[in-house]
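Coordinates as given in upload02.cif (mmCIF, C-alpha atoms):
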data_query
#
loop_
_atom_site.group_PDB
_atom_site.id
_atom_site.type_symbol
_atom_site.label_atom_id
_atom_site.label_comp_id
_atom_site.auth_asym_id
_atom_site.auth_seq_id
_atom_site.Cartn_x
_atom_site.Cartn_y
_atom_site.Cartn_z
ATOM 1 C CA MET V 16 -179.347 -86.619 104.771
ATOM 2 C CA PRO V 17 -178.783 -88.682 101.592
ATOM 3 C CA GLY V 18 -182.250 -87.891 100.299
ATOM 4 C CA THR V 19 -181.612 -84.156 100.256
ATOM 5 C CA GLU V 20 -178.398 -84.217 98.201
ATOM 6 C CA ALA V 21 -180.099 -84.402 94.809
ATOM 7 C CA PRO V 22 -182.422 -81.383 95.395
ATOM 8 C CA LYS V 23 -179.479 -79.463 96.785
ATOM 9 C CA ARG V 24 -177.396 -80.235 93.701
ATOM 10 C CA LYS V 25 -180.296 -79.105 91.500
ATOM 11 C CA ARG V 26 -180.626 -75.824 93.408
ATOM 12 C CA ASN V 27 -176.880 -75.195 93.034
ATOM 13 C CA LEU V 28 -177.096 -75.980 89.314
ATOM 14 C CA TRP V 29 -179.992 -73.575 88.738
ATOM 15 C CA THR V 30 -178.208 -70.894 90.784
ATOM 16 C CA ALA V 31 -175.099 -71.278 88.636
ATOM 17 C CA VAL V 32 -177.192 -71.108 85.438
ATOM 18 C CA ALA V 33 -178.979 -67.967 86.673
ATOM 19 C CA VAL V 34 -175.696 -66.272 87.543
ATOM 20 C CA ALA V 35 -174.268 -67.179 84.138
ATOM 21 C CA LEU V 36 -177.330 -65.755 82.344
ATOM 22 C CA VAL V 37 -177.219 -62.497 84.307
ATOM 23 C CA THR V 38 -173.487 -62.155 83.653
ATOM 24 C CA ALA V 39 -173.930 -62.825 79.945
ATOM 25 C CA ALA V 40 -176.756 -60.270 79.737
ATOM 26 C CA GLY V 41 -174.612 -57.704 81.512
ATOM 27 C CA VAL V 42 -171.741 -58.262 79.069
ATOM 28 C CA ALA V 43 -174.106 -57.911 76.104
ATOM 29 C CA VAL V 44 -175.556 -54.650 77.434
ATOM 30 C CA TRP V 45 -172.054 -53.310 78.115
ATOM 31 C CA GLN V 46 -170.992 -54.156 74.573
ATOM 32 C CA LEU V 47 -174.080 -52.456 73.094
ATOM 33 C CA TRP V 48 -173.842 -49.365 75.307
ATOM 34 C CA PRO V 49 -172.256 -46.524 73.320
ATOM 35 C CA ALA V 50 -168.783 -45.564 74.435
ATOM 36 C CA SER V 51 -168.549 -42.029 75.751
ATOM 37 C CA ALA V 52 -167.464 -39.589 73.038
ATOM 38 C CA PRO V 53 -163.850 -38.415 73.297
ATOM 39 C CA ALA V 54 -163.150 -34.891 74.483
ATOM 40 C CA VAL V 55 -162.439 -32.309 71.769
ATOM 41 C CA ALA V 56 -159.031 -30.664 72.119
ATOM 42 C CA VAL V 57 -158.938 -27.236 70.449
ATOM 43 C CA PRO V 58 -155.382 -25.867 69.962
ATOM 44 C CA ASP V 59 -154.241 -22.738 71.791
ATOM 45 C CA ARG V 60 -154.120 -20.956 68.419
ATOM 46 C CA VAL V 61 -156.311 -21.682 65.381
ATOM 47 C CA CYS V 62 -156.430 -20.643 61.716
ATOM 48 C CA GLU V 63 -152.702 -21.123 61.147
ATOM 49 C CA ARG V 64 -152.048 -19.894 64.701
ATOM 50 C CA THR V 65 -153.430 -16.423 63.944
ATOM 51 C CA LEU V 66 -156.437 -16.458 66.310
ATOM 52 C CA PRO V 67 -157.026 -17.542 69.936
ATOM 53 C CA GLY V 68 -158.216 -21.119 70.225
ATOM 54 C CA ASN V 69 -160.210 -20.486 73.399
ATOM 55 C CA LEU V 70 -162.574 -18.197 71.468
ATOM 56 C CA ALA V 71 -163.237 -20.936 68.906
ATOM 57 C CA ALA V 72 -163.748 -23.528 71.646
ATOM 58 C CA ASP V 73 -166.625 -21.451 73.043
ATOM 59 C CA PHE V 74 -168.966 -22.544 70.239
ATOM 60 C CA LEU V 75 -167.466 -25.925 69.274
ATOM 61 C CA PRO V 76 -168.711 -29.088 71.051
ATOM 62 C CA GLU V 77 -166.757 -30.339 74.055
ATOM 63 C CA THR V 78 -166.942 -33.960 72.856
ATOM 64 C CA GLY V 79 -167.156 -35.765 69.525
ATOM 65 C CA ASP V 80 -165.045 -35.944 66.389
ATOM 66 C CA LYS V 81 -161.590 -34.467 66.834
ATOM 67 C CA TYR V 82 -160.755 -30.891 65.869
ATOM 68 C CA TRP V 83 -159.497 -30.050 62.409
ATOM 69 C CA GLU V 84 -159.196 -26.904 60.310
ATOM 70 C CA ASN V 85 -158.978 -26.077 56.626
ATOM 71 C CA VAL V 86 -157.180 -22.792 56.005
ATOM 72 C CA GLY V 87 -156.731 -20.844 52.785
ATOM 73 C CA ASP V 88 -153.246 -19.836 51.725
ATOM 74 C CA GLU V 89 -151.785 -16.848 53.543
ATOM 75 C CA PHE V 90 -154.593 -16.474 56.056
ATOM 76 C CA GLY V 91 -153.590 -13.570 58.293
ATOM 77 C CA ALA V 92 -150.732 -12.494 56.011
ATOM 78 C CA PRO V 93 -150.509 -9.082 54.276
ATOM 79 C CA TYR V 94 -152.991 -8.889 51.419
ATOM 80 C CA THR V 95 -151.569 -10.153 48.119
ATOM 81 C CA GLY V 96 -154.523 -11.689 46.323
ATOM 82 C CA PRO V 97 -157.866 -13.465 46.825
ATOM 83 C CA THR V 98 -159.111 -13.373 50.384
ATOM 84 C CA PRO V 99 -158.583 -16.713 52.161
ATOM 85 C CA ASP V 100 -160.913 -18.213 54.738
ATOM 86 C CA CYS V 101 -160.589 -20.628 57.636
ATOM 87 C CA ILE V 102 -162.981 -23.504 58.362
ATOM 88 C CA LEU V 103 -162.993 -24.942 61.888
ATOM 89 C CA SER V 104 -164.638 -28.264 62.675
ATOM 90 C CA ALA V 105 -165.151 -30.516 65.703
ATOM 91 C CA GLY V 106 -167.846 -32.858 66.968
ATOM 92 C CA GLY V 107 -169.834 -32.630 63.738
ATOM 93 C CA ARG V 108 -169.979 -28.834 63.833
ATOM 94 C CA ARG V 109 -168.378 -26.529 61.242
ATOM 95 C CA VAL V 110 -167.656 -22.801 61.392
ATOM 96 C CA MET V 111 -166.164 -20.430 58.825
ATOM 97 C CA VAL V 112 -163.960 -17.449 59.677
ATOM 98 C CA GLU V 113 -163.272 -14.895 56.975
ATOM 99 C CA TYR V 114 -162.394 -11.283 56.249
ATOM 100 C CA ASN V 115 -162.705 -9.182 53.106
ATOM 101 C CA LYS V 116 -162.250 -5.716 51.648
ATOM 102 C CA PHE V 117 -164.574 -3.497 49.606
ATOM 103 C CA LEU V 118 -163.378 -0.384 47.753
ATOM 104 C CA ASP V 119 -165.111 2.481 46.003
ATOM 105 C CA THR V 120 -163.039 2.979 42.863
ATOM 106 C CA ASP V 121 -163.649 4.752 39.577
ATOM 107 C CA ARG V 122 -165.260 1.593 38.176
ATOM 108 C CA TYR V 123 -166.773 -0.186 41.164
ATOM 109 C CA LYS V 124 -168.787 0.929 44.172
ATOM 110 C CA THR V 125 -168.598 -2.220 46.270
ATOM 111 C CA ARG V 126 -168.058 -0.488 49.612
ATOM 112 C CA HIS V 127 -171.541 0.989 49.840
ATOM 113 C CA ASP V 128 -173.134 -2.237 48.612
ATOM 114 C CA ALA V 129 -171.458 -4.195 51.406
ATOM 115 C CA GLU V 130 -172.424 -1.657 54.057
ATOM 116 C CA GLU V 131 -176.049 -1.521 52.911
ATOM 117 C CA LYS V 132 -176.324 -5.316 52.969
ATOM 118 C CA VAL V 133 -174.996 -5.541 56.523
ATOM 119 C CA GLU V 134 -177.265 -2.728 57.710
ATOM 120 C CA ARG V 135 -180.262 -4.456 56.126
ATOM 121 C CA VAL V 136 -179.568 -7.799 57.824
ATOM 122 C CA ALA V 137 -178.774 -6.044 61.106
ATOM 123 C CA SER V 138 -182.343 -4.742 61.193
ATOM 124 C CA ASN V 139 -183.839 -8.238 60.958
ATOM 125 C CA PRO V 140 -185.567 -9.787 63.996
ATOM 126 C CA GLY V 141 -183.101 -11.703 66.153
ATOM 127 C CA SER V 142 -180.102 -9.568 65.185
ATOM 128 C CA ALA V 143 -178.289 -7.686 67.940
ATOM 129 C CA PRO V 144 -176.180 -4.569 67.295
ATOM 130 C CA LEU V 145 -172.442 -5.176 67.622
ATOM 131 C CA ARG V 146 -169.703 -2.559 68.043
ATOM 132 C CA LEU V 147 -165.938 -2.553 68.533
ATOM 133 C CA GLY V 148 -164.657 0.996 68.733
ATOM 134 C CA GLU V 149 -165.300 2.522 65.312
ATOM 135 C CA ALA V 150 -166.400 -0.831 63.859
ATOM 136 C CA ARG V 151 -170.081 -1.732 63.721
ATOM 137 C CA GLY V 152 -172.129 -4.735 62.722
ATOM 138 C CA TYR V 153 -174.473 -7.324 64.185
ATOM 139 C CA ALA V 154 -174.597 -10.765 65.778
ATOM 140 C CA SER V 155 -177.355 -13.346 65.902
ATOM 141 C CA LYS V 156 -177.673 -17.012 66.867
ATOM 142 C CA HIS V 157 -174.892 -18.480 64.746
ATOM 143 C CA VAL V 158 -173.243 -15.536 62.983
ATOM 144 C CA ALA V 159 -171.518 -12.218 63.614
ATOM 145 C CA ILE V 160 -170.047 -9.573 61.305
ATOM 146 C CA LEU V 161 -168.180 -6.309 61.826
ATOM 147 C CA LEU V 162 -167.289 -3.525 59.360
ATOM 148 C CA LEU V 163 -164.509 -0.955 59.657
ATOM 149 C CA ASN V 164 -163.699 2.000 57.403
ATOM 150 C CA CYS V 165 -160.263 1.412 55.873
ATOM 151 C CA SER V 166 -158.888 3.464 52.961
ATOM 152 C CA MET V 167 -156.603 1.493 50.643
ATOM 153 C CA GLN V 168 -154.737 2.294 47.468
ATOM 154 C CA GLY V 169 -156.009 5.867 47.630
ATOM 155 C CA TYR V 170 -159.676 4.846 47.580
ATOM 156 C CA PRO V 171 -162.342 4.863 50.314
ATOM 157 C CA GLY V 172 -162.791 1.352 51.599
ATOM 158 C CA THR V 173 -164.425 -0.907 54.143
ATOM 159 C CA ILE V 174 -163.141 -4.182 55.522
ATOM 160 C CA THR V 175 -165.326 -6.861 57.067
ATOM 161 C CA ALA V 176 -164.728 -9.753 59.435
ATOM 162 C CA SER V 177 -167.276 -12.480 59.988
ATOM 163 C CA VAL V 178 -167.730 -15.834 61.698
ATOM 164 C CA PHE V 179 -170.723 -18.030 60.913
ATOM 165 C CA GLY V 180 -171.905 -21.553 61.588
ATOM 166 C CA MET V 181 -171.945 -23.766 58.513
ATOM 167 C CA SER V 182 -173.511 -26.953 59.911
ATOM 168 C CA GLY V 183 -174.133 -28.950 63.064
ATOM 169 C CA PHE V 184 -175.745 -26.225 65.186
ATOM 170 C CA PRO V 185 -179.073 -27.053 66.857
ATOM 171 C CA SER V 186 -181.717 -24.719 65.475
ATOM 172 C CA ASP V 187 -182.793 -23.616 68.937
ATOM 173 C CA SER V 188 -179.263 -22.941 70.227
ATOM 174 C CA SER V 189 -177.632 -19.534 70.328
ATOM 175 C CA ASN V 190 -174.207 -18.240 71.242
ATOM 176 C CA ALA V 191 -174.107 -14.775 69.730
ATOM 177 C CA LYS V 192 -171.519 -13.630 72.276
ATOM 178 C CA ALA V 193 -169.035 -16.346 71.263
ATOM 179 C CA PHE V 194 -169.429 -15.501 67.572
ATOM 180 C CA ALA V 195 -169.021 -11.797 68.358
ATOM 181 C CA GLU V 196 -165.824 -12.387 70.348
ATOM 182 C CA LEU V 197 -164.051 -14.307 67.578
ATOM 183 C CA THR V 198 -165.308 -11.853 64.943
ATOM 184 C CA ALA V 199 -163.793 -8.958 66.891
ATOM 185 C CA GLU V 200 -160.444 -10.738 67.075
ATOM 186 C CA THR V 201 -160.612 -11.529 63.348
ATOM 187 C CA LEU V 202 -161.251 -7.857 62.574
ATOM 188 C CA ARG V 203 -158.215 -6.829 64.641
ATOM 189 C CA LEU V 204 -156.116 -9.322 62.678
ATOM 190 C CA ALA V 205 -157.426 -8.088 59.320
ATOM 191 C CA ALA V 206 -157.025 -4.391 60.158
ATOM 192 C CA ARG V 207 -153.581 -4.763 61.720
ATOM 193 C CA ASP V 208 -151.786 -7.453 59.724
ATOM 194 C CA VAL V 209 -153.681 -7.997 56.469
ATOM 195 C CA TYR V 210 -154.916 -4.630 55.197
ATOM 196 C CA LYS V 211 -152.862 -2.429 57.541
ATOM 197 C CA CYS V 212 -155.686 0.065 58.047
ATOM 198 C CA PRO V 213 -154.746 3.478 59.440
ATOM 199 C CA SER V 214 -157.521 3.020 62.011
ATOM 200 C CA GLY V 215 -156.534 -0.563 62.803
ATOM 201 C CA PRO V 216 -154.437 0.202 65.900
ATOM 202 C CA ALA V 217 -157.342 2.256 67.294
ATOM 203 C CA LEU V 218 -159.541 -0.807 67.713
ATOM 204 C CA PRO V 219 -159.941 -1.368 71.448
ATOM 205 C CA THR V 220 -158.907 -4.527 73.217
ATOM 206 C CA GLY V 221 -161.369 -6.666 75.114
ATOM 207 C CA SER V 222 -164.856 -7.799 74.256
ATOM 208 C CA PRO V 223 -167.027 -6.018 71.682
ATOM 209 C CA SER V 224 -170.246 -4.350 72.783
ATOM 210 C CA LEU V 225 -173.245 -6.588 72.082
ATOM 211 C CA GLY V 226 -176.721 -5.114 72.350
ATOM 212 C CA GLN V 227 -180.097 -6.740 72.793
ATOM 213 C CA PRO V 228 -181.501 -8.699 69.827
ATOM 214 C CA ARG V 229 -184.453 -7.263 67.971
ATOM 215 C CA ALA V 230 -187.747 -8.871 68.868
ATOM 216 C CA GLU V 231 -188.649 -11.858 66.716
#
Do you think you could lay out the structure here as structure tokens?
Amino acid sequence: MPGTEAPKRKRNLWTAVAVALVTAAGVAVWQLWPASAPAVAVPDRVCERTLPGNLAADFLPETGDKYWENVGDEFGAPYTGPTPDCILSAGGRRVMVEYNKFLDTDRYKTRHDAEEKVERVASNPGSAPLRLGEARGYASKHVAILLLNCSMQGYPGTITASVFGMSGFPSDSSNAKAFAELTAETLRLAARDVYKCPSGPALPTGSPSLGQPRAE
């Protein structure tokens, strides 16, 4: 009927306007919605290809800023000077991997100082005893360290390997096992390739033994 055409046109107009508004709102929300963070790709080998990447990936985020590392000169090479370190980072989280040596010489008694410090921290609440063959140490929420007797240059000595979180770890999170695993592999590297310890080849393969943390 001619009299109904105008209301019908108005209804169609308001329907079109409503659809346009809903579509525009949907586009705006889509534009404001944060894009999903990209996946983090950790290489098969890290720290100048000296350590397994899968062990590092266990405590790095799965998404976020891409992986990068900052490695000191000659990391993993036979010892020739200052001890290098390796910093791993991804998704806003940073971790340091390092090893070191301590000798008891005629002038310095650094070996016992290092051992006493580790034993003192290992007795703190939250620390769990950590062992790898003859090596001993501790692991807690975001750190692990192992010591191994290693005579060098005719003096009694101890070498250490440690991995610890530098930033980006939630305070209530914990992955002591992941830190312990990479620390054990770092100790094998240091004993075998860096300091060439007589006891280095005796370090067992596989996971280190991680005990229960002390009550907090």
Near-Cys62 in chain V list (12 Å; only C-alpha atoms; drop same-chain fewer than 3 positions) as JSON, numbers by chain: {"V": [57, 58, 59, 65, 66, 67, 68, 70, 71, 82, 83, 84, 85, 86, 87, 88, 89, 90, 91, 92, 99, 100, 101, 102, 103, 104, 110, 111, 112, 113, 197, 200, 201, 204]}
Selection near Arg109 in chain V, 9 Å with all atoms listed in the file, sequence-local residues under 4 positions removed, as a list of chain:residue names: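 Non-adjacent residues within range: V:Leu75, V:Ile102, V:Leu103, V:Ser104, V:Ala105, V:Phe179, V:Gly180, V:Met181, V:Ser182, V:Gly183, V:Phe184.
Once the PyMOL selection byres ((chain V and resi 132-137) around 10) is applied to the depicted file, the selected set reads V:His127, V:Asp128, V:Ala129, V:Glu130, V:Glu131, V:Ser138, V:Asn139, V:Pro140, V:Gly141, V:Ser142, V:Ala143, V:Pro144, V:Leu145, V:Arg151, V:Gly152, V:Tyr153, V:Ala154, V:Ser155, V:Ala159, V:Ile160, V:Leu161, V:Leu162, V:Thr175, V:Pro228, V:Arg229.
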Selected residue, from V:Ala199, V:Ala217, V:Cys212, V:Ala206, that lies nearest to Gln168 in chain V when counting all atoms listed in the file: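 Nearest candidate to Gln168 in chain V out of V:Ala199, V:Ala217, V:Cys212, V:Ala206: V:Cys212.
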Pairwise distance for CA of Arg146 in chain V and CA of Leu225 in chain V, rounded to one decimal in Å: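 These two atoms are separated by 6.7 Å.
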Residue completion, range 52-83 of chain V, N, CA and C atoms, as a compact mmCIF listing (two decimals), in the frame of the given file:
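Okay, this is what ended up in selection.txt:
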# COMPACT_ATOMS: atom_id res chain seq x y z
N ALA V 52 -168.18 -40.28 74.11
CA ALA V 52 -167.46 -39.59 73.04
C ALA V 52 -166.18 -38.97 73.59
N PRO V 53 -165.11 -39.00 72.82
CA PRO V 53 -163.85 -38.42 73.30
C PRO V 53 -163.95 -36.90 73.41
N ALA V 54 -163.17 -36.34 74.30
CA ALA V 54 -163.15 -34.89 74.48
C ALA V 54 -162.49 -34.23 73.27
N VAL V 55 -163.01 -33.07 72.88
CA VAL V 55 -162.44 -32.31 71.77
C VAL V 55 -161.33 -31.40 72.31
N ALA V 56 -160.16 -31.50 71.71
CA ALA V 56 -159.03 -30.66 72.12
C ALA V 56 -158.80 -29.59 71.05
N VAL V 57 -159.15 -28.35 71.37
CA VAL V 57 -158.94 -27.24 70.45
C VAL V 57 -157.57 -26.63 70.74
N PRO V 58 -156.72 -26.42 69.73
CA PRO V 58 -155.38 -25.87 69.96
C PRO V 58 -155.44 -24.48 70.60
N ASP V 59 -154.33 -24.07 71.20
CA ASP V 59 -154.24 -22.74 71.79
C ASP V 59 -154.43 -21.64 70.74
N ARG V 60 -153.97 -21.91 69.52
CA ARG V 60 -154.12 -20.96 68.42
C ARG V 60 -154.72 -21.70 67.24
N VAL V 61 -155.65 -21.06 66.53
CA VAL V 61 -156.31 -21.68 65.38
C VAL V 61 -156.11 -20.82 64.14
N CYS V 62 -156.58 -21.35 63.00
CA CYS V 62 -156.43 -20.64 61.72
C CYS V 62 -154.97 -20.27 61.48
N GLU V 63 -154.15 -21.32 61.35
CA GLU V 63 -152.70 -21.12 61.15
C GLU V 63 -152.09 -20.29 62.28
N ARG V 64 -152.58 -20.52 63.49
CA ARG V 64 -152.05 -19.89 64.70
C ARG V 64 -152.19 -18.37 64.68
N THR V 65 -153.22 -17.87 64.01
CA THR V 65 -153.43 -16.42 63.94
C THR V 65 -154.48 -15.93 64.93
N LEU V 66 -155.33 -16.85 65.45
CA LEU V 66 -156.44 -16.46 66.31
C LEU V 66 -156.46 -17.31 67.57
N PRO V 67 -156.99 -16.78 68.67
CA PRO V 67 -157.03 -17.54 69.94
C PRO V 67 -157.95 -18.76 69.87
N GLY V 68 -157.43 -19.90 70.26
CA GLY V 68 -158.22 -21.12 70.22
C GLY V 68 -159.34 -21.14 71.24
N ASN V 69 -159.16 -20.46 72.38
CA ASN V 69 -160.21 -20.49 73.40
C ASN V 69 -161.50 -19.82 72.91
N LEU V 70 -161.38 -18.85 72.00
CA LEU V 70 -162.57 -18.20 71.47
C LEU V 70 -163.32 -19.13 70.53
N ALA V 71 -162.58 -19.96 69.78
CA ALA V 71 -163.24 -20.94 68.91
C ALA V 71 -163.88 -22.04 69.73
N ALA V 72 -163.23 -22.44 70.82
CA ALA V 72 -163.75 -23.53 71.65
C ALA V 72 -165.09 -23.17 72.28
N ASP V 73 -165.38 -21.87 72.39
CA ASP V 73 -166.62 -21.45 73.04
C ASP V 73 -167.87 -21.89 72.28
N PHE V 74 -167.77 -22.10 70.96
CA PHE V 74 -168.97 -22.54 70.24
C PHE V 74 -168.77 -23.89 69.54
N LEU V 75 -167.64 -24.57 69.78
CA LEU V 75 -167.47 -25.92 69.27
C LEU V 75 -167.85 -26.92 70.37
N PRO V 76 -168.32 -28.11 70.03
CA PRO V 76 -168.71 -29.09 71.05
C PRO V 76 -167.53 -29.50 71.92
N GLU V 77 -167.80 -29.88 73.15
CA GLU V 77 -166.76 -30.34 74.06
C GLU V 77 -166.36 -31.78 73.79
N THR V 78 -167.24 -32.57 73.17
CA THR V 78 -166.94 -33.96 72.86
C THR V 78 -167.36 -34.26 71.42
N GLY V 79 -166.80 -35.35 70.88
CA GLY V 79 -167.16 -35.76 69.53
C GLY V 79 -165.93 -35.91 68.65
N ASP V 80 -166.15 -35.81 67.34
CA ASP V 80 -165.04 -35.94 66.39
C ASP V 80 -163.96 -34.93 66.68
N LYS V 81 -162.71 -35.33 66.47
CA LYS V 81 -161.59 -34.47 66.83
C LYS V 81 -161.55 -33.20 65.99
N TYR V 82 -160.87 -32.20 66.51
CA TYR V 82 -160.76 -30.89 65.87
C TYR V 82 -159.91 -30.98 64.60
N TRP V 83 -160.34 -30.25 63.58
CA TRP V 83 -159.50 -30.05 62.41
C TRP V 83 -159.84 -28.70 61.79
